[in-house]
Amino acid sequence: SASQRYARDEPAAIIYTSGSTGLPKGCVIAANILTAMWPYARYGLDLRAGRDVFWPTGDPSWGYGLCCYLPALAMGTSVLCVDSNATPDVCRDIIARYKVTNLATTPTVLRSLMAHRAAREGGSTVRAISSCGEPLNAEVVQFFRDGWGVVPMDHFGATEFGLPIGTHNGLAMQVKPGSMGLPAPGQRMAVVDAAGQELPPQSVGLFA
């Protein structure tokens, strides 16, 4: 029922990892996931309800897709969900037809746009680009800065904890090409050992 309350760590969904480190694994997403995603939606994506047309090119069932679609819908932002793969022609058509202002995608899609001459000047309405899933190299950043007048912002996260690190569209910050950025406001990241104790610099451990 609508009045039912849930503990913040109760399971809300199971979403499968991409399998980049082995077989896909089912990650239990806790009921407080929207709270955990809020800094990313607000500062990373810089979503503006009532003003943005937001297009996350990834599938909503993918970890990055979930981190984009769920908070955007909760905020009341206009969100596009496109069934077709984000080829350069599809990107050019969707951005022009719906006047996309906020684009969340992957470096692979951005690189394909770079290689497609007709798409090079197809981002006249886009004011923010966010990227996740693989490293965003300096060449891609420079290309979109020069061609579209928009600096793609890189973000880092994992299926089980969202995207706490990045270069943020919603903050005035210096973008260092090749860097995945800084923790979002309200987030603190550290390298810890198996017991959760913070480790000194130059140590190998776990992100927390």
# chains A, B, ... in the order shown; residues from 1 in each chain; ligands from 1
$ residues_around --residues "Thr77 in chain A" --least-positions-apart "6" --cutoff "7 Å" --atoms "only C-alpha atoms" --output "mmCIF file with C-alpha atoms, in the first residue's frame"
data_model
loop_
_atom_site.group_PDB
_atom_site.id
_atom_site.type_symbol
_atom_site.label_atom_id
_atom_site.label_comp_id
_atom_site.auth_asym_id
_atom_site.auth_seq_id
_atom_site.Cartn_x
_atom_site.Cartn_y
_atom_site.Cartn_z
ATOM 1 C CA ARG A 48 16.617 20.841 -14.652
ATOM 2 C CA ALA A 49 12.972 19.829 -14.359
ATOM 3 C CA GLY A 50 10.707 21.784 -16.677
ATOM 4 C CA ASP A 52 15.594 19.915 -19.892
#
$ closest_atom_pairs --of "range 30-62 of chain A" --to "range 92-113 of chain A" --cutoff "8 Å" --atoms "only C-alpha atoms" --output "Markdown table"
| residue | atom | partner | partner_atom | distance |
| --- | --- | --- | --- | --- |
| A:Leu45 | CA | A:Asn102 | CA | 7.8 |
| A:Leu47 | CA | A:Asn102 | CA | 7.6 |
| A:Asp52 | CA | A:Thr101 | CA | 5.7 |
| A:Val53 | CA | A:Val100 | CA | 5.0 |
| A:Phe54 | CA | A:Asn102 | CA | 4.7 |
| A:Trp55 | CA | A:Leu103 | CA | 5.1 |
| A:Pro56 | CA | A:Ala104 | CA | 4.5 |
| A:Thr57 | CA | A:Thr105 | CA | 5.3 |
| A:Gly58 | CA | A:Thr105 | CA | 6.5 |
$ write_last_selection --atoms "N, CA and C atoms" --output "PDB file, in the first residue's frame"
ATOM      1  N   LEU A  45      24.596  15.216 -13.488  1.00  0.00           N
ATOM      2  CA  LEU A  45      23.820  15.449 -14.706  1.00  0.00           C
ATOM      3  C   LEU A  45      23.344  16.886 -14.835  1.00  0.00           C
ATOM      4  N   LEU A  47      20.387  17.994 -13.951  1.00  0.00           N
ATOM      5  CA  LEU A  47      19.038  17.926 -14.505  1.00  0.00           C
ATOM      6  C   LEU A  47      18.207  19.108 -14.028  1.00  0.00           C
ATOM      7  N   ASP A  52      14.781  20.861 -19.133  1.00  0.00           N
ATOM      8  CA  ASP A  52      15.594  19.915 -19.892  1.00  0.00           C
ATOM      9  C   ASP A  52      14.747  18.914 -20.669  1.00  0.00           C
ATOM     10  N   VAL A  53      15.260  18.524 -21.841  1.00  0.00           N
ATOM     11  CA  VAL A  53      14.832  17.310 -22.528  1.00  0.00           C
ATOM     12  C   VAL A  53      16.028  16.373 -22.407  1.00  0.00           C
ATOM     13  N   PHE A  54      15.871  15.330 -21.605  1.00  0.00           N
ATOM     14  CA  PHE A  54      16.976  14.472 -21.198  1.00  0.00           C
ATOM     15  C   PHE A  54      16.921  13.157 -21.972  1.00  0.00           C
ATOM     16  N   TRP A  55      18.061  12.795 -22.578  1.00  0.00           N
ATOM     17  CA  TRP A  55      18.132  11.514 -23.291  1.00  0.00           C
ATOM     18  C   TRP A  55      19.293  10.682 -22.776  1.00  0.00           C
ATOM     19  N   PRO A  56      19.013   9.681 -21.933  1.00  0.00           N
ATOM     20  CA  PRO A  56      20.035   8.685 -21.593  1.00  0.00           C
ATOM     21  C   PRO A  56      20.003   7.607 -22.673  1.00  0.00           C
ATOM     22  N   THR A  57      21.084   7.428 -23.405  1.00  0.00           N
ATOM     23  CA  THR A  57      21.062   6.499 -24.535  1.00  0.00           C
ATOM     24  C   THR A  57      21.117   5.039 -24.095  1.00  0.00           C
ATOM     25  N   GLY A  58      21.426   4.780 -22.816  1.00  0.00           N
ATOM     26  CA  GLY A  58      21.523   3.407 -22.336  1.00  0.00           C
ATOM     27  C   GLY A  58      20.169   2.822 -21.981  1.00  0.00           C
TER      28      GLY A  58
END
$ select_by_dssp --residues "range 12-207 of chain A" --states "alpha helix (DSSP H)" --output "VMD selection string"
chain A and resid 33 to 39 63 to 75 88 to 98 107 to 114 138 to 147
$ atom_distance --atom1 "CA of Arg145 in chain A" --atom2 "CA of Met180 in chain A"
17.0 Å
$ closest_residue --among "A:Met114, A:Val150, A:Leu80, A:Ile165" --to "Met37 in chain A" --atoms "only C-alpha atoms"
A:Ile165
$ residues_around --residues "Thr17 in chain A" --least-positions-apart "3" --cutoff "12 Å" --atoms "only C-alpha atoms" --output "ChimeraX atom specification"
/A:14,20-29,61-66,133,157-162
$ residues_around --residues "Pro201 in chain A" --least-positions-apart "6" --cutoff "12 Å" --atoms "only C-alpha atoms" --output "list in words"
Ala190, Val191 and Val192 of chain A
$ write_last_selection --atoms "all heavy atoms" --output "PDB file, in the first residue's frame"
ATOM      1  N   ALA A 190      36.843   6.548  -0.291  1.00  0.00           N
ATOM      2  CA  ALA A 190      38.130   6.165   0.279  1.00  0.00           C
ATOM      3  C   ALA A 190      38.499   4.778  -0.216  1.00  0.00           C
ATOM      4  O   ALA A 190      37.644   4.015  -0.663  1.00  0.00           O
ATOM      5  CB  ALA A 190      38.062   6.173   1.810  1.00  0.00           C
ATOM      6  N   VAL A 191      39.785   4.457  -0.120  1.00  0.00           N
ATOM      7  CA  VAL A 191      40.255   3.099  -0.366  1.00  0.00           C
ATOM      8  C   VAL A 191      40.390   2.432   0.998  1.00  0.00           C
ATOM      9  O   VAL A 191      41.048   2.960   1.899  1.00  0.00           O
ATOM     10  CB  VAL A 191      41.607   3.096  -1.114  1.00  0.00           C
ATOM     11  CG1 VAL A 191      42.122   1.671  -1.292  1.00  0.00           C
ATOM     12  CG2 VAL A 191      41.448   3.775  -2.466  1.00  0.00           C
ATOM     13  N   VAL A 192      39.719   1.284   1.151  1.00  0.00           N
ATOM     14  CA  VAL A 192      39.673   0.609   2.454  1.00  0.00           C
ATOM     15  C   VAL A 192      40.141  -0.837   2.315  1.00  0.00           C
ATOM     16  O   VAL A 192      40.191  -1.386   1.209  1.00  0.00           O
ATOM     17  CB  VAL A 192      38.245   0.647   3.048  1.00  0.00           C
ATOM     18  CG1 VAL A 192      37.766   2.086   3.237  1.00  0.00           C
ATOM     19  CG2 VAL A 192      37.262  -0.128   2.181  1.00  0.00           C
TER      20      VAL A 192
END
$ closest_residue --among "A:Ala138, A:Ile33, A:Ala7, A:Val82" --to "Asp59 in chain A" --atoms "only C-alpha atoms"
A:Val82
$ closest_residue --among "A:Gly123, A:Pro39, A:Gly76, A:Pro164" --to "Gly147 in chain A" --atoms "only C-alpha atoms"
A:Gly123
$ closest_residue --among "A:Phe144, A:Val90, A:Ala184, A:Asn137" --to "Ala41 in chain A" --atoms "only C-alpha atoms"
A:Ala184
$ residues_around --residues "Ala172 in chain A" --least-positions-apart "6" --cutoff "12 Å" --atoms "only C-alpha atoms" --output "list in words"
Tyr43, Gly44, Asp46 and Met153 of chain A
$ residues_around --residues "Val151 in chain A" --least-positions-apart "2" --cutoff "12 Å" --atoms "only C-alpha atoms" --output "NGL selection string"
:A and (102-103 or 110 or 123 or 126-131 or 136-149 or 153-154 or 167-169 or 173-177)
$ write_last_selection --atoms "N, CA, C and O atoms" --output "short mmCIF file (atom, residue, chain, number, x, y, z; two decimals), in the first residue's frame"
data_model
loop_
_atom_site.label_atom_id
_atom_site.label_comp_id
_atom_site.auth_asym_id
_atom_site.auth_seq_id
_atom_site.Cartn_x
_atom_site.Cartn_y
_atom_site.Cartn_z
N ASN A 102 20.11 17.66 -22.73
CA ASN A 102 20.95 16.98 -21.75
C ASN A 102 21.11 15.54 -22.22
O ASN A 102 20.13 14.79 -22.31
N LEU A 103 22.36 15.15 -22.52
CA LEU A 103 22.65 13.84 -23.11
C LEU A 103 23.52 13.03 -22.15
O LEU A 103 24.56 13.51 -21.70
N LEU A 110 30.06 8.53 -28.16
CA LEU A 110 30.69 9.82 -28.48
C LEU A 110 31.77 9.66 -29.54
O LEU A 110 31.89 10.49 -30.45
N GLY A 123 24.76 18.98 -32.48
CA GLY A 123 24.39 19.13 -31.08
C GLY A 123 24.07 20.54 -30.68
O GLY A 123 24.37 20.96 -29.56
N VAL A 126 22.21 20.89 -27.36
CA VAL A 126 22.75 20.19 -26.20
C VAL A 126 23.60 21.13 -25.34
O VAL A 126 24.53 21.76 -25.83
N ARG A 127 23.26 21.21 -24.05
CA ARG A 127 24.02 22.05 -23.13
C ARG A 127 24.85 21.23 -22.15
O ARG A 127 25.77 21.76 -21.51
N ALA A 128 24.53 19.94 -22.01
CA ALA A 128 25.26 19.09 -21.05
C ALA A 128 25.40 17.68 -21.62
O ALA A 128 24.45 17.13 -22.17
N ILE A 129 26.62 17.14 -21.51
CA ILE A 129 26.89 15.76 -21.91
C ILE A 129 27.54 15.05 -20.73
O ILE A 129 28.51 15.54 -20.16
N SER A 130 26.98 13.89 -20.39
CA SER A 130 27.55 13.06 -19.33
C SER A 130 27.95 11.71 -19.92
O SER A 130 27.29 11.21 -20.84
N SER A 131 29.02 11.15 -19.39
CA SER A 131 29.56 9.91 -19.95
C SER A 131 29.92 8.94 -18.83
O SER A 131 30.36 9.36 -17.76
N LEU A 136 36.93 8.15 -20.52
CA LEU A 136 36.67 9.20 -21.51
C LEU A 136 37.99 9.89 -21.80
O LEU A 136 38.52 10.60 -20.96
N ASN A 137 38.53 9.68 -23.01
CA ASN A 137 39.86 10.21 -23.27
C ASN A 137 39.83 11.67 -23.68
O ASN A 137 38.79 12.23 -24.05
N ALA A 138 40.99 12.29 -23.63
CA ALA A 138 41.12 13.73 -23.85
C ALA A 138 40.70 14.13 -25.26
O ALA A 138 40.15 15.22 -25.47
N GLU A 139 40.92 13.26 -26.24
CA GLU A 139 40.56 13.58 -27.63
C GLU A 139 39.05 13.79 -27.77
O GLU A 139 38.60 14.70 -28.47
N VAL A 140 38.25 12.96 -27.09
CA VAL A 140 36.79 13.09 -27.14
C VAL A 140 36.36 14.39 -26.48
O VAL A 140 35.52 15.13 -27.00
N VAL A 141 36.93 14.68 -25.32
CA VAL A 141 36.60 15.91 -24.60
C VAL A 141 36.88 17.13 -25.48
O VAL A 141 36.04 18.03 -25.62
N GLN A 142 38.05 17.15 -26.09
CA GLN A 142 38.44 18.28 -26.93
C GLN A 142 37.54 18.42 -28.15
O GLN A 142 37.15 19.53 -28.54
N PHE A 143 37.17 17.30 -28.77
CA PHE A 143 36.34 17.34 -29.96
C PHE A 143 34.99 18.00 -29.68
O PHE A 143 34.54 18.87 -30.42
N PHE A 144 34.32 17.57 -28.62
CA PHE A 144 32.98 18.11 -28.33
C PHE A 144 33.07 19.53 -27.76
O PHE A 144 32.15 20.33 -27.97
N ARG A 145 34.15 19.83 -27.08
CA ARG A 145 34.34 21.21 -26.62
C ARG A 145 34.45 22.15 -27.81
O ARG A 145 33.84 23.21 -27.85
N ASP A 146 35.21 21.72 -28.84
CA ASP A 146 35.41 22.56 -30.02
C ASP A 146 34.21 22.54 -30.97
O ASP A 146 33.82 23.58 -31.51
N GLY A 147 33.64 21.35 -31.20
CA GLY A 147 32.60 21.19 -32.21
C GLY A 147 31.20 21.54 -31.75
O GLY A 147 30.43 22.15 -32.49
N TRP A 148 30.85 21.15 -30.52
CA TRP A 148 29.49 21.38 -30.01
C TRP A 148 29.45 22.48 -28.96
O TRP A 148 28.37 22.90 -28.55
N GLY A 149 30.63 22.91 -28.50
CA GLY A 149 30.66 23.91 -27.44
C GLY A 149 30.24 23.36 -26.09
O GLY A 149 29.82 24.11 -25.21
N MET A 153 31.30 15.39 -19.57
CA MET A 153 31.73 15.15 -18.20
C MET A 153 31.77 13.66 -17.91
O MET A 153 30.81 12.94 -18.19
N ASP A 154 32.88 13.21 -17.37
CA ASP A 154 33.07 11.79 -17.09
C ASP A 154 32.58 11.45 -15.69
O ASP A 154 32.73 12.26 -14.76
N THR A 167 33.15 14.43 -12.96
CA THR A 167 33.29 15.85 -13.27
C THR A 167 31.86 16.33 -13.49
O THR A 167 31.16 15.79 -14.34
N HIS A 168 31.42 17.29 -12.73
CA HIS A 168 29.99 17.57 -12.56
C HIS A 168 29.52 18.74 -13.42
O HIS A 168 30.05 19.84 -13.35
N ASN A 169 28.47 18.47 -14.24
CA ASN A 169 27.87 19.52 -15.05
C ASN A 169 27.29 20.64 -14.20
O ASN A 169 27.25 21.79 -14.63
N MET A 173 33.79 23.58 -12.05
CA MET A 173 35.01 22.86 -11.68
C MET A 173 35.89 22.71 -12.91
O MET A 173 35.42 22.69 -14.04
N GLN A 174 37.18 22.65 -12.65
CA GLN A 174 38.14 22.48 -13.73
C GLN A 174 38.11 21.03 -14.19
O GLN A 174 38.16 20.10 -13.37
N VAL A 175 37.98 20.82 -15.49
CA VAL A 175 37.96 19.47 -16.03
C VAL A 175 39.34 19.11 -16.52
O VAL A 175 39.91 19.80 -17.37
N LYS A 176 39.89 18.06 -15.97
CA LYS A 176 41.20 17.56 -16.38
C LYS A 176 40.96 16.35 -17.27
O LYS A 176 40.53 15.29 -16.78
N PRO A 177 41.15 16.49 -18.61
CA PRO A 177 40.89 15.36 -19.51
C PRO A 177 41.61 14.10 -19.06
O PRO A 177 42.80 14.14 -18.72
#
$ select_by_dssp --residues "range 58-187 of chain A" --states "strand (DSSP E)" --output "PyMOL selection string"
chain A and resi 78-79+102-105+128-131+152-158+162-166+182-183
$ write_last_selection --atoms "N, CA and C atoms" --output "PDB file, in the first residue's frame"
ATOM      1  N   SER A  78      11.595  15.852 -18.391  1.00  0.00           N
ATOM      2  CA  SER A  78      11.199  15.190 -19.636  1.00  0.00           C
ATOM      3  C   SER A  78      12.311  14.244 -20.065  1.00  0.00           C
ATOM      4  N   VAL A  79      11.989  12.957 -20.195  1.00  0.00           N
ATOM      5  CA  VAL A  79      12.990  11.931 -20.482  1.00  0.00           C
ATOM      6  C   VAL A  79      12.602  11.172 -21.745  1.00  0.00           C
ATOM      7  N   ASN A 102      20.106  17.661 -22.730  1.00  0.00           N
ATOM      8  CA  ASN A 102      20.951  16.978 -21.753  1.00  0.00           C
ATOM      9  C   ASN A 102      21.111  15.536 -22.224  1.00  0.00           C
ATOM     10  N   LEU A 103      22.358  15.147 -22.525  1.00  0.00           N
ATOM     11  CA  LEU A 103      22.648  13.843 -23.108  1.00  0.00           C
ATOM     12  C   LEU A 103      23.516  13.033 -22.154  1.00  0.00           C
ATOM     13  N   ALA A 104      23.092  11.806 -21.845  1.00  0.00           N
ATOM     14  CA  ALA A 104      23.892  10.897 -21.018  1.00  0.00           C
ATOM     15  C   ALA A 104      24.178   9.652 -21.844  1.00  0.00           C
ATOM     16  N   THR A 105      25.455   9.343 -22.052  1.00  0.00           N
ATOM     17  CA  THR A 105      25.798   8.269 -22.976  1.00  0.00           C
ATOM     18  C   THR A 105      27.133   7.642 -22.586  1.00  0.00           C
ATOM     19  N   ALA A 128      24.532  19.937 -22.006  1.00  0.00           N
ATOM     20  CA  ALA A 128      25.255  19.085 -21.049  1.00  0.00           C
ATOM     21  C   ALA A 128      25.401  17.684 -21.624  1.00  0.00           C
ATOM     22  N   ILE A 129      26.621  17.141 -21.509  1.00  0.00           N
ATOM     23  CA  ILE A 129      26.895  15.760 -21.911  1.00  0.00           C
ATOM     24  C   ILE A 129      27.538  15.049 -20.735  1.00  0.00           C
ATOM     25  N   SER A 130      26.982  13.887 -20.390  1.00  0.00           N
ATOM     26  CA  SER A 130      27.549  13.057 -19.327  1.00  0.00           C
ATOM     27  C   SER A 130      27.946  11.714 -19.922  1.00  0.00           C
ATOM     28  N   SER A 131      29.021  11.145 -19.394  1.00  0.00           N
ATOM     29  CA  SER A 131      29.556   9.906 -19.947  1.00  0.00           C
ATOM     30  C   SER A 131      29.918   8.942 -18.826  1.00  0.00           C
ATOM     31  N   PRO A 152      32.128  17.188 -22.483  1.00  0.00           N
ATOM     32  CA  PRO A 152      31.584  15.947 -21.908  1.00  0.00           C
ATOM     33  C   PRO A 152      32.173  15.708 -20.520  1.00  0.00           C
ATOM     34  N   MET A 153      31.304  15.392 -19.573  1.00  0.00           N
ATOM     35  CA  MET A 153      31.730  15.151 -18.199  1.00  0.00           C
ATOM     36  C   MET A 153      31.767  13.655 -17.913  1.00  0.00           C
ATOM     37  N   ASP A 154      32.877  13.208 -17.366  1.00  0.00           N
ATOM     38  CA  ASP A 154      33.073  11.785 -17.091  1.00  0.00           C
ATOM     39  C   ASP A 154      32.578  11.454 -15.685  1.00  0.00           C
ATOM     40  N   HIS A 155      31.994  10.251 -15.535  1.00  0.00           N
ATOM     41  CA  HIS A 155      31.496   9.819 -14.233  1.00  0.00           C
ATOM     42  C   HIS A 155      31.896   8.371 -13.974  1.00  0.00           C
ATOM     43  N   PHE A 156      32.094   8.074 -12.717  1.00  0.00           N
ATOM     44  CA  PHE A 156      32.500   6.728 -12.315  1.00  0.00           C
ATOM     45  C   PHE A 156      31.545   6.196 -11.251  1.00  0.00           C
ATOM     46  N   GLY A 157      31.186   4.932 -11.408  1.00  0.00           N
ATOM     47  CA  GLY A 157      30.345   4.309 -10.388  1.00  0.00           C
ATOM     48  C   GLY A 157      30.316   2.809 -10.569  1.00  0.00           C
ATOM     49  N   ALA A 158      29.373   2.192  -9.894  1.00  0.00           N
ATOM     50  CA  ALA A 158      29.182   0.746  -9.988  1.00  0.00           C
ATOM     51  C   ALA A 158      27.700   0.462  -9.771  1.00  0.00           C
ATOM     52  N   GLY A 162      25.707   3.339  -7.472  1.00  0.00           N
ATOM     53  CA  GLY A 162      25.448   4.535  -8.275  1.00  0.00           C
ATOM     54  C   GLY A 162      26.717   5.170  -8.790  1.00  0.00           C
ATOM     55  N   LEU A 163      26.693   6.500  -8.889  1.00  0.00           N
ATOM     56  CA  LEU A 163      27.820   7.237  -9.490  1.00  0.00           C
ATOM     57  C   LEU A 163      28.287   8.344  -8.554  1.00  0.00           C
ATOM     58  N   PRO A 164      29.115   8.021  -7.586  1.00  0.00           N
ATOM     59  CA  PRO A 164      29.520   9.031  -6.599  1.00  0.00           C
ATOM     60  C   PRO A 164      30.690   9.920  -7.011  1.00  0.00           C
ATOM     61  N   ILE A 165      31.373   9.584  -8.114  1.00  0.00           N
ATOM     62  CA  ILE A 165      32.564  10.331  -8.524  1.00  0.00           C
ATOM     63  C   ILE A 165      32.377  10.842  -9.945  1.00  0.00           C
ATOM     64  N   GLY A 166      32.822  12.068 -10.195  1.00  0.00           N
ATOM     65  CA  GLY A 166      32.725  12.551 -11.562  1.00  0.00           C
ATOM     66  C   GLY A 166      33.190  13.981 -11.718  1.00  0.00           C
ATOM     67  N   LEU A 182      35.952  14.116  -9.118  1.00  0.00           N
ATOM     68  CA  LEU A 182      35.958  14.191  -7.660  1.00  0.00           C
ATOM     69  C   LEU A 182      34.651  13.645  -7.090  1.00  0.00           C
ATOM     70  N   PRO A 183      34.627  13.270  -5.810  1.00  0.00           N
ATOM     71  CA  PRO A 183      33.357  12.849  -5.208  1.00  0.00           C
ATOM     72  C   PRO A 183      32.312  13.957  -5.285  1.00  0.00           C
TER      73      PRO A 183
END
$ atom_distance --atom1 "CA of Leu206 in chain A" --atom2 "CA of Tyr6 in chain A"
28.9 Å
$ atom_distance --atom1 "CA of Trp38 in chain A" --atom2 "CA of Cys67 in chain A"
9.2 Å
